[in-house]
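These notes are about the structure you will find just below.
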Amino acid sequence: MDRTDAGALVQAAADGDAAAWKALVEGLSPLVWSVVRAHRLSDADAHEVYQTAWFRFAQHLGRIREPGKAGAWLASTARNECLKVIRSSQRLTLTDDPRLLDRVSEEGTPEQSLLDSEEAAAQSERVRRLWQEFEELGERCRQLLRVLMATPPPSYQDVSAALGIAVGSIGPLRQRCLRRLRARLEARGAI
């Protein structure tokens, strides 16, 4: 989904157009799932994060300053929700052993919290740069990479039918697009 389409759909959905909302969900769900799956959460946590990202999007639908960047907004929200789940799961120790319950957690030190927050900030910046450079790729590359990130991954025949690309051209085009993205990231010092 390109920025113009996304922007128009966000505006229409904010005005109460159910068909526009449905189109947004169908068009941007593969992106949200790709972000969630990249964090390797359990199925239950992944579904919870997916739902939460869309819920937050719906809550802020009328206040999104750049509707054309709805995909970036959703990806960022999904990433933040994934990090919340990961942080909260690291704090929990499920046990029925009373000796473990009395032990002081070394993960809860202020120093560790500072390191965790710095690491999260650095990761957040890397992801932001990645999506920024992704948005600067040509429309054809963005469409192809978004479709190929879908869960479950589509067959090359489905990709060919959806995007009008010959089956034999999909792999080489994907490779060129990823090389372009990597070159852009390297040029900006992001990797």
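Labeling convention for the structure tokens: chains A, B, ... as they appear, residues from 1 per chain, ligands from 1 in order of appearance.
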
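The set of residues in stretch 130-160 of chain A assigned to helix (DSSP H, G or I) by DSSP, using only backbone atoms of this structure, is Leu130, Trp131, Gln132, Glu133, Phe134, Glu135, Glu136, Glu139, Arg140, Cys141, Arg142, Gln143, Leu144, Leu145, Arg146, Val147, Leu148, Tyr156, Gln157, Asp158, Val159 and Ser160 of chain A.
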
What does the file look like for those residues with N, CA, C and O atoms, as a compact mmCIF listing (two decimals), in the first residue's frame?
```
# COMPACT_ATOMS: atom_id res chain seq x y z
N LEU A 130 15.78 1.97 9.59
CA LEU A 130 15.45 0.95 8.61
C LEU A 130 14.15 1.30 7.89
O LEU A 130 14.09 1.30 6.66
N TRP A 131 13.12 1.65 8.64
CA TRP A 131 11.83 1.98 8.01
C TRP A 131 11.92 3.28 7.22
O TRP A 131 11.26 3.43 6.19
N GLN A 132 12.73 4.21 7.68
CA GLN A 132 12.91 5.46 6.95
C GLN A 132 13.53 5.16 5.58
O GLN A 132 13.06 5.67 4.55
N GLU A 133 14.57 4.34 5.57
CA GLU A 133 15.21 4.00 4.30
C GLU A 133 14.30 3.11 3.45
O GLU A 133 14.28 3.23 2.23
N PHE A 134 13.53 2.24 4.08
CA PHE A 134 12.58 1.40 3.36
C PHE A 134 11.58 2.28 2.61
O PHE A 134 11.27 2.03 1.45
N GLU A 135 11.09 3.32 3.29
CA GLU A 135 10.10 4.21 2.66
C GLU A 135 10.69 4.99 1.49
O GLU A 135 9.97 5.48 0.64
N GLU A 136 12.02 5.09 1.42
CA GLU A 136 12.67 5.83 0.33
C GLU A 136 12.94 4.93 -0.88
O GLU A 136 13.34 5.42 -1.93
N GLU A 139 8.58 2.44 -5.30
CA GLU A 139 7.28 1.85 -4.99
C GLU A 139 7.27 0.35 -5.29
O GLU A 139 6.74 -0.43 -4.52
N ARG A 140 7.86 -0.04 -6.39
CA ARG A 140 7.87 -1.46 -6.78
C ARG A 140 8.59 -2.30 -5.72
O ARG A 140 8.11 -3.36 -5.34
N CYS A 141 9.73 -1.83 -5.25
CA CYS A 141 10.47 -2.56 -4.22
C CYS A 141 9.66 -2.63 -2.92
O CYS A 141 9.58 -3.68 -2.29
N ARG A 142 9.08 -1.51 -2.52
CA ARG A 142 8.29 -1.50 -1.27
C ARG A 142 7.14 -2.49 -1.36
O ARG A 142 6.88 -3.25 -0.42
N GLN A 143 6.43 -2.47 -2.49
CA GLN A 143 5.30 -3.39 -2.65
C GLN A 143 5.76 -4.84 -2.58
O GLN A 143 5.17 -5.65 -1.87
N LEU A 144 6.80 -5.15 -3.32
CA LEU A 144 7.28 -6.53 -3.37
C LEU A 144 7.74 -7.00 -1.98
O LEU A 144 7.34 -8.08 -1.52
N LEU A 145 8.54 -6.20 -1.31
CA LEU A 145 9.05 -6.61 -0.01
C LEU A 145 7.93 -6.74 1.01
O LEU A 145 7.93 -7.66 1.83
N ARG A 146 6.95 -5.85 0.97
CA ARG A 146 5.82 -5.96 1.90
C ARG A 146 5.03 -7.24 1.66
O ARG A 146 4.64 -7.92 2.59
N VAL A 147 4.80 -7.55 0.40
CA VAL A 147 4.04 -8.76 0.08
C VAL A 147 4.83 -10.00 0.52
O VAL A 147 4.27 -10.93 1.11
N LEU A 148 6.13 -10.00 0.29
CA LEU A 148 6.95 -11.16 0.65
C LEU A 148 7.11 -11.33 2.16
O LEU A 148 7.44 -12.41 2.63
N TYR A 156 5.13 -17.67 -5.02
CA TYR A 156 5.57 -16.77 -6.09
C TYR A 156 4.47 -16.59 -7.13
O TYR A 156 4.35 -15.54 -7.74
N GLN A 157 3.62 -17.61 -7.32
CA GLN A 157 2.51 -17.48 -8.26
C GLN A 157 1.53 -16.41 -7.77
O GLN A 157 1.04 -15.61 -8.56
N ASP A 158 1.26 -16.41 -6.45
CA ASP A 158 0.36 -15.40 -5.88
C ASP A 158 0.97 -14.00 -6.00
O ASP A 158 0.27 -13.04 -6.31
N VAL A 159 2.27 -13.91 -5.73
CA VAL A 159 2.96 -12.62 -5.84
C VAL A 159 2.91 -12.13 -7.28
O VAL A 159 2.62 -10.96 -7.55
N SER A 160 3.15 -13.05 -8.20
CA SER A 160 3.12 -12.71 -9.63
C SER A 160 1.75 -12.17 -10.02
O SER A 160 1.64 -11.14 -10.70
```

- Task: Excluding A:Ser124 and any residue of its chain fewer than 4 positions from it, enumerate the residues within 10 Å of it, using only C-alpha atoms, and give them as a PyMOL selection string.
- Result: chain A and resi 76+79-80+83+118-120+128-130

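One finds atom CA of A:Asp45 at 23.2 Å from atom CA of A:Arg126.
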
- Item | Exercise: A:Cys82 partners within 7 Å, only C-alpha atoms, chain neighbours under 6 positions left out, as a ChimeraX atom specification | /A:36,39,49

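With only C-alpha atoms as the basis for measurement, A:Gly27 is the residue among A:Asp116, A:Gly27, A:Asp43, A:Ala121 that approaches A:Leu74 most closely.
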
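Taking atom CA of A:Ala58 as the reference point, atom CA of A:Asp2 is found at 19.6 Å.
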
- Item | Residue contacts of A:Thr4 (9 Å, only C-alpha atoms) excluding same-chain residues fewer than 5 positions away, as a list of chain:residue names | A:Leu9, A:Pro67, A:Gly68

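Of note, atom CA of A:Arg180 and atom CA of A:Pro30 are spaced 21.6 Å apart.
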
- Message: I want to know what sits within 12 Å of stretch 16-18 of chain A, based on only C-alpha atoms, with residues of the same chain fewer than 6 positions away left out; could you give that as a PyMOL selection string?
- Response: chain A and resi 8-10+24-25+58+61-62

- Quick one: residues within 8 Å of stretch 53-55 of chain A, only C-alpha atoms counted, chain neighbours fewer than 2 positions away excluded, as a count of residues only? 11
